[in-house]
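The structure appears below as structure tokens.
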Amino acid sequence: MFSKDVYIRRRQTLLAKMREAGQSGLILFVGNADAPAQYKDNCYKWRQDSSWLYYWGLDEPLMAAVICIDSGEEILFADDVDIDDIIWMGPQPSVASKAASVGVAGHRPYGALAGWLQERTKGRKVHFLPPSRYYNTMQLASLLPGSQPSEALVKAVISMRLIKEDIEIEAIDAACALGFEMHSVARDSIAVGLVEQEIVGKMEGVALAKGWGVSFPTILTQHGETLHNHGHAAVIEPGKLMVIDAGVESNEHYASDFTRTYPTSGKFTQKQREIYQIVYDCNELAFSLTRPGITYREVHLATARRMLEGLSALGLVKGDLDEMVAKGIAGLFQPHGLGHNMGLDVHDMEDLGENLVGYDPDQTRATQLGLRSLRMARRLVPGHVITDEPGIYFIPALIEKFKKEGLGYDFVNYAKLEGYYDFGGIRLEDDVLVTADGARRLGPRRLPIAPDDVEAVMK
Ligand SMILES: [Mn+2]
């Protein structure tokens with residue numbers, strides 16, 4: 001948790017933004033509840049709602065809070081523990097002291113929220129965010145039947161959380177330091193004959209020993225062509241490529257998200273090195289272009305062009321590069337976007353709406369394979385934290401589909417591509433902060449990424 005001044009200032013800024021937007025009524029925040037895994041007393045690991053954490057800081061279940069836009073009054077709704085709770089959970093600080101710790105003057109029991117809202121909302125609008133959990137969906141439906149989430153509130157929250165404060169950048173740097181450590185353990189554990197799961201256990205141990213845990217389910221696979229492959233049952237074979245896409249969530253709940261791709265035998269084959277070099281070039285190019293003023297959509301398209309240039313040199317595609325970019329040929333090899341926002345969530349604020357988070361009002365999302373999956377397209381400004389994660393994948397089913405539908409025939413060398421059906425995939429991902437005059441990779445050290453450096457560190 002940050003100091004209470006941080007939360008007070010954030011709520012004051014939010015209030016000012018809502019007033020400037022001509023809004024009135026109440027702002028209602030609903031924190032998360034525990035979610036049963038099998039039954040009420042055996043729950044999934046506790047995780048608070050991220051917007052709640054951002055404005056109210058308190059990392060406990062079953063809390064709600066309101067801000068009156070007109071008067072500025074703030075009330076926390078939460079329950080003090082009784083003797084039964086103390087038996088199971090131990091003594092707990094009072095709600096009054098919890099409220100005080102984040103600078104909130106008023107507090108009431110959680111159960112009083114429904115009655116209080118009923119009394120106070122007559123004819124007044126209640127602004128709330130789209131709930132990310134089913135419990136909160138039901139909770140809001142019962143508290144405010146028929147009401148919809150507030151776009152004004154969503155936009156105000158996005159405008160704040162999108163630009164990271166200095167204390168957040170520090171927290172993300174720390175999460176990236178843990179991410180570096182976790183990835184290093186994973187890389188150093190790769191050995192032919194092990195089961196993938198054994199490496200996952202070791203690396204996630206780092207996340208649990210030093211942070212809250214992983215920031216999303218770990219991807220560790222010799223089938224990198226399956227973009228989000230969460231199966232870890234395979235035995236590590238020689239001569240394969242292993243994609244490791246994983247992040248740590250720190251105890252402050254900020255995420256890291258790195259991807260590296262390693263040759264399981266410690267040395268790339270010629271064929272692997274050729275493709276790896278293209279993805280590496282795209283990663284470097286994206287970083288070199290990242291600065292205030294350019295859109296991340298432009299950066300995505302520039303890397304698509306570089307990718308096609310590299311694939312062209314290998315004879316896998318042919319033709320005019322700009323034409324291929326315009327026709328979306330890169331999507332056949334990279335069916336995802338270049339990157340996404342990152343912060344309290346690894347895909348920051350996607351619960352508030354992907355397009356509202358990742359697109360400026362004058363941008364529309366493409367429908368083309370690849371570009372349509374670009375989650376962050378905005379014009380960059382200092383304080384944006386984004387990922388730079390190009391990849392090349394040989395997905396036999398997708399290539400066959402393109403071929404069957406007669407797509408890309410002028411550009412794609414389908415005969416040669418058949419020799420890559422067992423190649424797998426490569427993705428290389430860094431986390432990047434947009435600064436006043438350019439960009440900085442987050443975390444104190446960068447994981448080895450140049451092909452020679454990767455081979456050297458795997459020796
Ligand atoms: Mn990512």
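Following the order of the structure tokens, chains are lettered A, B, ..., residues in each are numbered from 1, and ligands are numbered from 1.
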
Just want the 8 Å neighbourhood of A:Ala377, counted on only C-alpha atoms, with same-chain residues fewer than 2 positions away dropped. Output as an MDAnalysis selection string. chainID A and resid 295:298 358:360 363 374:375 379

Taking only residues of chain A that have an atom at most 9 Å from an atom of ligand 1, what is each one's shortest atom pair and its distance in Å to one decimal, using only C-alpha atoms and all ligand atoms, in chain and number order, as CSV?
residue,atom,partner,partner_atom_place_in_ligand_line,distance
A:Asp245,CA,ligand 1,1 (Mn),7.5
A:Ala246,CA,ligand 1,1 (Mn),8.3
A:Gly247,CA,ligand 1,1 (Mn),8.6
A:Ser256,CA,ligand 1,1 (Mn),8.7
A:Asp257,CA,ligand 1,1 (Mn),5.4
A:Phe258,CA,ligand 1,1 (Mn),6.8
A:Thr259,CA,ligand 1,1 (Mn),7.6
A:Leu338,CA,ligand 1,1 (Mn),8.8
A:Gly339,CA,ligand 1,1 (Mn),6.3
A:His340,CA,ligand 1,1 (Mn),6.6
A:Asn341,CA,ligand 1,1 (Mn),8.6
A:Met342,CA,ligand 1,1 (Mn),8.2
A:Val346,CA,ligand 1,1 (Mn),7.2
A:His347,CA,ligand 1,1 (Mn),7.3
A:Ile386,CA,ligand 1,1 (Mn),8.6
A:Thr387,CA,ligand 1,1 (Mn),5.9
A:Asp388,CA,ligand 1,1 (Mn),7.8
A:Glu389,CA,ligand 1,1 (Mn),6.5
A:Glu429,CA,ligand 1,1 (Mn),6.8
A:Asp430,CA,ligand 1,1 (Mn),8.3
A:Asp431,CA,ligand 1,1 (Mn),8.3

Take the residues from that selection and put them in a file with C-alpha atoms, as an mmCIF file, in the first residue's frame.
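Result file follows (selection-v8.cif):
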data_model
loop_
_atom_site.group_PDB
_atom_site.id
_atom_site.type_symbol
_atom_site.label_atom_id
_atom_site.label_comp_id
_atom_site.auth_asym_id
_atom_site.auth_seq_id
_atom_site.Cartn_x
_atom_site.Cartn_y
_atom_site.Cartn_z
ATOM 1 C CA ASP A 245 5.961 -16.031 -21.407
ATOM 2 C CA ALA A 246 5.511 -15.280 -17.726
ATOM 3 C CA GLY A 247 5.240 -12.476 -15.236
ATOM 4 C CA SER A 256 5.716 -7.760 -15.065
ATOM 5 C CA ASP A 257 5.385 -9.653 -18.347
ATOM 6 C CA PHE A 258 8.431 -10.962 -20.204
ATOM 7 C CA THR A 259 8.818 -13.514 -22.961
ATOM 8 C CA LEU A 338 2.642 -5.828 -30.790
ATOM 9 C CA GLY A 339 1.691 -5.096 -27.190
ATOM 10 C CA HIS A 340 -0.696 -4.014 -24.459
ATOM 11 C CA ASN A 341 -0.821 -1.673 -21.478
ATOM 12 C CA MET A 342 0.523 -3.029 -18.205
ATOM 13 C CA VAL A 346 -0.939 -7.493 -16.771
ATOM 14 C CA HIS A 347 -3.362 -6.391 -19.537
ATOM 15 C CA ILE A 386 3.434 -1.033 -22.616
ATOM 16 C CA THR A 387 4.803 -4.344 -23.798
ATOM 17 C CA ASP A 388 6.952 -4.833 -26.889
ATOM 18 C CA GLU A 389 6.268 -8.418 -27.948
ATOM 19 C CA GLU A 429 8.803 -9.488 -24.981
ATOM 20 C CA ASP A 430 10.065 -6.584 -22.910
ATOM 21 C CA ASP A 431 8.151 -4.082 -20.758
#

Using only C-alpha atoms for the distances, tell me which of A:Phe128, A:Ala114, A:Ala186, A:Val279 is nearest to A:Leu311.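 Once distances to A:Leu311 are computed over only C-alpha atoms, the minimum belongs to A:Val279.
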
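Excluding A:Arg305 itself and same-chain residues fewer than 5 positions from it, the residues having an atom within 12 Å of it are Ile278, Val279, Asp281, Cys282, Leu285, Ala286, Glu298, Val299, His300, Gly310, Leu311, Ser312, Val317, Gly319, Asp320, Leu321, Asp322, Glu323, Met324, Val325, Ala326, Lys327, Gly328, Ile329, Ala330, Gly331, Phe333, Gln334 and Pro390 of chain A, counting only C-alpha atoms.
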
Close residues, A:Gly211 itself excluded, 10 Å, only C-alpha atoms, min 6 positions apart in chain, as a PyMOL selection string: chain A and resi 174-175+178-179+204-205+248-254

Please produce an output containing C-alpha atoms for each residue in the selection, written as a PDB file, in the first residue's frame.
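selection_18.pdb written:
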ATOM      1  CA  ALA A 174      10.450  -3.822  -8.782  1.00  0.00           C
ATOM      2  CA  ALA A 175       7.988  -6.313 -10.310  1.00  0.00           C
ATOM      3  CA  LEU A 178      11.391 -10.200  -9.834  1.00  0.00           C
ATOM      4  CA  GLY A 179      10.338 -11.109 -13.364  1.00  0.00           C
ATOM      5  CA  GLU A 204       6.715 -19.842 -10.016  1.00  0.00           C
ATOM      6  CA  GLY A 205       8.413 -20.543  -6.686  1.00  0.00           C
ATOM      7  CA  VAL A 248       5.383 -11.763 -11.541  1.00  0.00           C
ATOM      8  CA  GLU A 249       2.786  -9.826  -9.597  1.00  0.00           C
ATOM      9  CA  SER A 250       4.552  -8.034  -6.760  1.00  0.00           C
ATOM     10  CA  ASN A 251       3.165  -7.755  -3.259  1.00  0.00           C
ATOM     11  CA  GLU A 252       2.068  -4.243  -4.281  1.00  0.00           C
ATOM     12  CA  HIS A 253       0.088  -5.971  -7.091  1.00  0.00           C
ATOM     13  CA  TYR A 254       2.003  -4.498 -10.026  1.00  0.00           C
TER      14      TYR A 254
END

Step one, run DSSP on the backbone; step two, keep only residues of stretch 183-354 of chain A assigned to strand (DSSP E); then write them as a PyMOL selection string. chain A and resi 213-214+219-221+241-246+248-249+258-263

Any chance you can output those residues with N, CA and C atoms as a PDB file, in the first residue's frame?
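That gives us part_27.pdb:
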ATOM      1  N   GLY A 213       2.756 -13.599  -6.499  1.00  0.00           N
ATOM      2  CA  GLY A 213       2.614 -14.806  -7.319  1.00  0.00           C
ATOM      3  C   GLY A 213       2.833 -14.442  -8.776  1.00  0.00           C
ATOM      4  N   VAL A 214       2.272 -15.233  -9.672  1.00  0.00           N
ATOM      5  CA  VAL A 214       2.408 -14.897 -11.095  1.00  0.00           C
ATOM      6  C   VAL A 214       1.305 -13.923 -11.500  1.00  0.00           C
ATOM      7  N   ILE A 219       3.034 -19.380 -19.427  1.00  0.00           N
ATOM      8  CA  ILE A 219       3.139 -20.082 -20.709  1.00  0.00           C
ATOM      9  C   ILE A 219       4.568 -20.592 -20.801  1.00  0.00           C
ATOM     10  N   LEU A 220       4.737 -21.891 -20.839  1.00  0.00           N
ATOM     11  CA  LEU A 220       6.073 -22.479 -20.992  1.00  0.00           C
ATOM     12  C   LEU A 220       5.877 -23.704 -21.863  1.00  0.00           C
ATOM     13  N   THR A 221       6.359 -23.627 -23.085  1.00  0.00           N
ATOM     14  CA  THR A 221       5.972 -24.667 -24.033  1.00  0.00           C
ATOM     15  C   THR A 221       6.954 -24.809 -25.181  1.00  0.00           C
ATOM     16  N   LEU A 241      12.378 -25.332 -29.698  1.00  0.00           N
ATOM     17  CA  LEU A 241      12.359 -23.967 -29.165  1.00  0.00           C
ATOM     18  C   LEU A 241      11.373 -23.935 -28.014  1.00  0.00           C
ATOM     19  N   MET A 242      11.778 -23.335 -26.909  1.00  0.00           N
ATOM     20  CA  MET A 242      10.863 -23.225 -25.780  1.00  0.00           C
ATOM     21  C   MET A 242      10.492 -21.772 -25.539  1.00  0.00           C
ATOM     22  N   VAL A 243       9.197 -21.494 -25.667  1.00  0.00           N
ATOM     23  CA  VAL A 243       8.693 -20.154 -25.379  1.00  0.00           C
ATOM     24  C   VAL A 243       8.325 -20.076 -23.902  1.00  0.00           C
ATOM     25  N   ILE A 244       8.873 -19.075 -23.222  1.00  0.00           N
ATOM     26  CA  ILE A 244       8.493 -18.830 -21.825  1.00  0.00           C
ATOM     27  C   ILE A 244       7.955 -17.405 -21.726  1.00  0.00           C
ATOM     28  N   ASP A 245       6.651 -17.318 -21.527  1.00  0.00           N
ATOM     29  CA  ASP A 245       5.961 -16.031 -21.407  1.00  0.00           C
ATOM     30  C   ASP A 245       5.355 -16.019 -20.014  1.00  0.00           C
ATOM     31  N   ALA A 246       5.934 -15.206 -19.125  1.00  0.00           N
ATOM     32  CA  ALA A 246       5.511 -15.280 -17.726  1.00  0.00           C
ATOM     33  C   ALA A 246       5.801 -13.963 -17.025  1.00  0.00           C
ATOM     34  N   VAL A 248       5.574 -11.771 -12.986  1.00  0.00           N
ATOM     35  CA  VAL A 248       5.383 -11.763 -11.541  1.00  0.00           C
ATOM     36  C   VAL A 248       4.404 -10.653 -11.197  1.00  0.00           C
ATOM     37  N   GLU A 249       3.536 -10.915 -10.227  1.00  0.00           N
ATOM     38  CA  GLU A 249       2.786  -9.826  -9.597  1.00  0.00           C
ATOM     39  C   GLU A 249       3.440  -9.588  -8.242  1.00  0.00           C
ATOM     40  N   PHE A 258       7.330 -10.768 -19.250  1.00  0.00           N
ATOM     41  CA  PHE A 258       8.431 -10.962 -20.204  1.00  0.00           C
ATOM     42  C   PHE A 258       8.240 -12.257 -20.981  1.00  0.00           C
ATOM     43  N   THR A 259       8.756 -12.268 -22.195  1.00  0.00           N
ATOM     44  CA  THR A 259       8.818 -13.514 -22.961  1.00  0.00           C
ATOM     45  C   THR A 259      10.203 -13.674 -23.554  1.00  0.00           C
ATOM     46  N   ARG A 260      10.728 -14.872 -23.406  1.00  0.00           N
ATOM     47  CA  ARG A 260      11.950 -15.240 -24.118  1.00  0.00           C
ATOM     48  C   ARG A 260      11.725 -16.595 -24.764  1.00  0.00           C
ATOM     49  N   THR A 261      12.515 -16.874 -25.798  1.00  0.00           N
ATOM     50  CA  THR A 261      12.423 -18.163 -26.488  1.00  0.00           C
ATOM     51  C   THR A 261      13.819 -18.772 -26.532  1.00  0.00           C
ATOM     52  N   TYR A 262      13.933 -19.998 -26.021  1.00  0.00           N
ATOM     53  CA  TYR A 262      15.247 -20.632 -25.868  1.00  0.00           C
ATOM     54  C   TYR A 262      15.356 -21.911 -26.694  1.00  0.00           C
ATOM     55  N   PRO A 263      16.548 -22.149 -27.239  1.00  0.00           N
ATOM     56  CA  PRO A 263      16.779 -23.460 -27.876  1.00  0.00           C
ATOM     57  C   PRO A 263      16.997 -24.492 -26.772  1.00  0.00           C
TER      58      PRO A 263
END

Which of these, A:Leu162, A:Val81, A:Leu433, A:Val102, has the shortest distance to A:Asp348 once you count only C-alpha atoms?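 For A:Asp348, the nearest of the given residues is A:Leu162.
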
Can you list, as a CSV table (one decimal) with C-alpha atoms, in the first residue's frame, every protein, DNA or RNA residue that comes within 12 Å of stretch 66-69 of chain A when you count only C-alpha atoms, leaving out same-chain residues fewer than 6 positions away?
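The resulting file, around-v1.csv, is reproduced below:
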chain,number,residue,atom,x,y,z
A,8,ILE,CA,-6.6,11.0,-1.2
A,11,ARG,CA,-9.8,10.4,-5.4
A,12,GLN,CA,-9.7,14.2,-5.5
A,13,THR,CA,-8.4,14.1,-9.1
A,14,LEU,CA,-11.2,11.6,-10.0
A,15,LEU,CA,-13.8,13.9,-8.4
A,16,ALA,CA,-12.5,16.9,-10.2
A,17,LYS,CA,-12.5,15.0,-13.5
A,18,MET,CA,-16.1,13.9,-13.0
A,19,ARG,CA,-17.2,17.5,-12.1
A,20,GLU,CA,-15.3,18.9,-15.2
A,21,ALA,CA,-17.2,16.3,-17.3
A,22,GLY,CA,-20.4,17.8,-16.0
A,23,GLN,CA,-21.3,14.7,-14.0
A,24,SER,CA,-23.3,14.7,-10.7
A,25,GLY,CA,-24.7,12.1,-8.4
A,26,LEU,CA,-22.7,9.3,-6.7
A,27,ILE,CA,-19.6,7.3,-7.6
A,28,LEU,CA,-19.9,3.7,-6.2
A,29,PHE,CA,-16.8,1.4,-6.0
A,30,VAL,CA,-17.4,-2.2,-5.2
A,31,GLY,CA,-14.3,-4.2,-4.1
A,52,TRP,CA,-10.4,-0.5,-6.0
A,55,TYR,CA,-8.3,4.5,-5.3
A,56,TRP,CA,-9.0,2.8,-1.9
A,75,ILE,CA,-18.0,6.7,2.9
A,76,LEU,CA,-16.4,3.3,3.3
A,77,PHE,CA,-18.7,0.4,3.7
A,78,ALA,CA,-17.1,-2.5,5.5
A,104,VAL,CA,-11.6,8.3,4.4
A,105,ALA,CA,-13.6,10.0,7.1
A,106,GLY,CA,-16.9,8.2,7.0
A,107,HIS,CA,-17.6,4.5,7.4
A,108,ARG,CA,-20.7,2.3,7.8
A,110,TYR,CA,-21.2,-3.3,4.6
A,113,LEU,CA,-24.9,-0.1,1.7
A,114,ALA,CA,-28.2,-1.3,0.1
A,116,TRP,CA,-28.1,3.8,2.2
A,117,LEU,CA,-28.1,3.7,-1.6
A,120,ARG,CA,-29.7,8.6,-1.3
A,121,THR,CA,-30.1,7.7,-5.0
A,124,ARG,CA,-29.6,10.7,-8.8
A,125,LYS,CA,-27.2,8.9,-11.1
A,126,VAL,CA,-24.9,6.3,-9.6
A,127,HIS,CA,-21.7,5.9,-11.5
A,128,PHE,CA,-19.9,2.5,-11.3
A,153,LEU,CA,-16.4,7.2,-14.9

Excluding same-chain residues fewer than 2 positions from A:Pro131, what lies within 10 Å of it counting only C-alpha atoms, as a PyMOL selection string? chain A and resi 29-32+49+128-129+133-140+149+351-352

Among stretch 200-309 of chain A, which residues carry a DSSP assignment of alpha helix (DSSP H), reported as a CSV table (one decimal) with N, CA and C atoms, in the first residue's frame?
chain,number,residue,atom,x,y,z
A,200,VAL,N,8.3,-25.0,-14.5
A,200,VAL,CA,7.2,-24.1,-14.1
A,200,VAL,C,7.2,-24.0,-12.6
A,201,GLY,N,7.3,-25.1,-11.9
A,201,GLY,CA,7.3,-25.1,-10.5
A,201,GLY,C,8.4,-24.3,-9.9
A,202,LYS,N,9.6,-24.5,-10.4
A,202,LYS,CA,10.8,-23.8,-9.9
A,202,LYS,C,10.6,-22.3,-10.1
A,203,MET,N,10.2,-21.9,-11.3
A,203,MET,CA,10.1,-20.5,-11.6
A,203,MET,C,9.0,-19.8,-10.8
A,204,GLU,N,7.8,-20.4,-10.8
A,204,GLU,CA,6.7,-19.8,-10.0
A,204,GLU,C,7.0,-19.8,-8.5
A,205,GLY,N,7.9,-20.6,-8.1
A,205,GLY,CA,8.4,-20.5,-6.7
A,205,GLY,C,9.1,-19.2,-6.4
A,206,VAL,N,9.8,-18.7,-7.4
A,206,VAL,CA,10.4,-17.3,-7.2
A,206,VAL,C,9.3,-16.3,-7.0
A,207,ALA,N,8.3,-16.4,-7.9
A,207,ALA,CA,7.2,-15.4,-7.8
A,207,ALA,C,6.5,-15.4,-6.5
A,208,LEU,N,6.3,-16.7,-5.9
A,208,LEU,CA,5.6,-16.8,-4.7
A,208,LEU,C,6.5,-16.5,-3.5
A,209,ALA,N,7.8,-16.7,-3.6
A,209,ALA,CA,8.7,-16.5,-2.5
A,209,ALA,C,9.0,-15.0,-2.3
A,210,LYS,N,8.9,-14.2,-3.5
A,210,LYS,CA,9.3,-12.8,-3.4
A,210,LYS,C,8.2,-11.8,-3.8
A,270,GLN,N,20.5,-23.5,-37.5
A,270,GLN,CA,20.5,-22.4,-38.5
A,270,GLN,C,19.1,-21.8,-38.8
A,271,LYS,N,18.2,-22.7,-39.0
A,271,LYS,CA,16.8,-22.4,-39.3
A,271,LYS,C,16.2,-21.6,-38.2
A,272,GLN,N,16.4,-22.0,-37.0
A,272,GLN,CA,15.8,-21.3,-35.8
A,272,GLN,C,16.5,-19.9,-35.6
A,273,ARG,N,17.8,-19.9,-35.8
A,273,ARG,CA,18.5,-18.6,-35.7
A,273,ARG,C,18.0,-17.6,-36.7
A,274,GLU,N,17.7,-18.0,-37.9
A,274,GLU,CA,17.2,-17.1,-39.0
A,274,GLU,C,15.9,-16.4,-38.5
A,275,ILE,N,15.0,-17.2,-38.1
A,275,ILE,CA,13.7,-16.7,-37.7
A,275,ILE,C,13.8,-15.9,-36.4
A,276,TYR,N,14.6,-16.4,-35.5
A,276,TYR,CA,14.8,-15.7,-34.2
A,276,TYR,C,15.4,-14.3,-34.4
A,277,GLN,N,16.3,-14.2,-35.4
A,277,GLN,CA,16.9,-12.9,-35.7
A,277,GLN,C,15.9,-11.9,-36.2
A,278,ILE,N,14.9,-12.3,-36.9
A,278,ILE,CA,13.9,-11.4,-37.4
A,278,ILE,C,13.0,-10.9,-36.3
A,279,VAL,N,12.6,-11.8,-35.4
A,279,VAL,CA,11.8,-11.4,-34.2
A,279,VAL,C,12.6,-10.4,-33.3
A,280,TYR,N,13.9,-10.8,-33.1
A,280,TYR,CA,14.7,-9.9,-32.3
A,280,TYR,C,14.8,-8.5,-33.0
A,281,ASP,N,15.0,-8.5,-34.3
A,281,ASP,CA,15.1,-7.2,-35.0
A,281,ASP,C,13.8,-6.4,-34.8
A,282,CYS,N,12.7,-7.1,-34.9
A,282,CYS,CA,11.4,-6.4,-34.7
A,282,CYS,C,11.2,-5.8,-33.3
A,283,ASN,N,11.7,-6.6,-32.3
A,283,ASN,CA,11.6,-6.1,-30.9
A,283,ASN,C,12.5,-4.9,-30.7
A,284,GLU,N,13.7,-4.9,-31.3
A,284,GLU,CA,14.6,-3.7,-31.2
A,284,GLU,C,14.0,-2.5,-31.9
A,285,LEU,N,13.5,-2.8,-33.1
A,285,LEU,CA,12.9,-1.7,-33.9
A,285,LEU,C,11.7,-1.0,-33.2
A,286,ALA,N,10.9,-1.9,-32.6
A,286,ALA,CA,9.7,-1.3,-31.8
A,286,ALA,C,10.2,-0.4,-30.7
A,287,PHE,N,11.2,-0.9,-30.0
A,287,PHE,CA,11.8,-0.1,-28.9
A,287,PHE,C,12.4,1.2,-29.4
A,288,SER,N,13.1,1.2,-30.5
A,288,SER,CA,13.7,2.4,-31.1
A,288,SER,C,12.7,3.4,-31.6
A,289,LEU,N,11.5,2.9,-31.9
A,289,LEU,CA,10.5,3.9,-32.4
A,289,LEU,C,9.6,4.4,-31.3
A,296,TYR,N,1.1,3.6,-31.2
A,296,TYR,CA,1.6,2.3,-31.1
A,296,TYR,C,1.1,1.4,-32.3
A,297,ARG,N,0.1,1.9,-32.9
A,297,ARG,CA,-0.4,1.3,-34.2
A,297,ARG,C,0.7,1.4,-35.3
A,298,GLU,N,1.3,2.6,-35.3
A,298,GLU,CA,2.3,2.8,-36.3
A,298,GLU,C,3.5,2.0,-36.0
A,299,VAL,N,3.8,1.8,-34.7
A,299,VAL,CA,5.0,1.0,-34.3
A,299,VAL,C,4.7,-0.5,-34.7
A,300,HIS,N,3.5,-0.9,-34.4
A,300,HIS,CA,3.0,-2.3,-34.8
A,300,HIS,C,3.3,-2.5,-36.3
A,301,LEU,N,2.8,-1.5,-37.1
A,301,LEU,CA,2.9,-1.7,-38.6
A,301,LEU,C,4.3,-1.7,-39.0
A,302,ALA,N,5.2,-0.9,-38.4
A,302,ALA,CA,6.6,-0.8,-38.8
A,302,ALA,C,7.3,-2.2,-38.5
A,303,THR,N,6.9,-2.8,-37.4
A,303,THR,CA,7.5,-4.1,-37.1
A,303,THR,C,6.9,-5.2,-38.0
A,304,ALA,N,5.6,-5.0,-38.4
A,304,ALA,CA,5.1,-6.0,-39.4
A,304,ALA,C,5.9,-5.9,-40.7
A,305,ARG,N,6.2,-4.7,-41.1
A,305,ARG,CA,7.0,-4.5,-42.3
A,305,ARG,C,8.4,-5.1,-42.2
A,306,ARG,N,9.0,-4.9,-41.1
A,306,ARG,CA,10.4,-5.5,-40.8
A,306,ARG,C,10.3,-7.0,-40.8
A,307,MET,N,9.2,-7.5,-40.3
A,307,MET,CA,9.0,-9.0,-40.2
A,307,MET,C,8.9,-9.5,-41.6
A,308,LEU,N,8.1,-8.9,-42.5
A,308,LEU,CA,7.9,-9.3,-43.9
A,308,LEU,C,9.2,-9.2,-44.7
A,309,GLU,N,10.0,-8.2,-44.3
A,309,GLU,CA,11.3,-8.0,-45.0
A,309,GLU,C,12.2,-9.2,-44.7

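Computed from the coordinates, the atom CA of A:Arg10 to atom CA of A:Glu165 distance equals 10.5 Å.
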
Record the distance separating atom CA of A:Gly224 and atom CA of A:Gly425, expressed in Å with one decimal.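 Here the two named atoms are 4.3 Å from each other.
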
Neighbours of A:Leu380 within 6 Å (only C-alpha atoms; same-chain residues fewer than 2 positions away dropped), as an MDAnalysis selection string? chainID A and resid 292:295 378

Keeping N, CA and C atoms, export the residues of the selection given above as a short mmCIF file (atom, residue, chain, number, x, y, z; two decimals), in the first residue's frame.
data_model
loop_
_atom_site.label_atom_id
_atom_site.label_comp_id
_atom_site.auth_asym_id
_atom_site.auth_seq_id
_atom_site.Cartn_x
_atom_site.Cartn_y
_atom_site.Cartn_z
N PRO A 292 7.11 9.63 -27.31
CA PRO A 292 5.85 10.40 -27.34
C PRO A 292 5.56 10.89 -28.75
N GLY A 293 4.29 10.85 -29.13
CA GLY A 293 3.87 11.41 -30.42
C GLY A 293 3.55 10.37 -31.46
N ILE A 294 4.28 9.25 -31.46
CA ILE A 294 3.99 8.20 -32.43
C ILE A 294 2.85 7.35 -31.87
N THR A 295 2.02 6.76 -32.73
CA THR A 295 1.00 5.83 -32.22
C THR A 295 1.61 4.43 -32.16
N ARG A 378 -2.80 3.47 -29.10
CA ARG A 378 -2.83 4.91 -28.83
C ARG A 378 -1.58 5.67 -29.26
#

Enter the distance from atom CA of A:Phe2 to atom CA of A:Ala112, in Å, rounded to one decimal. 28.0 Å
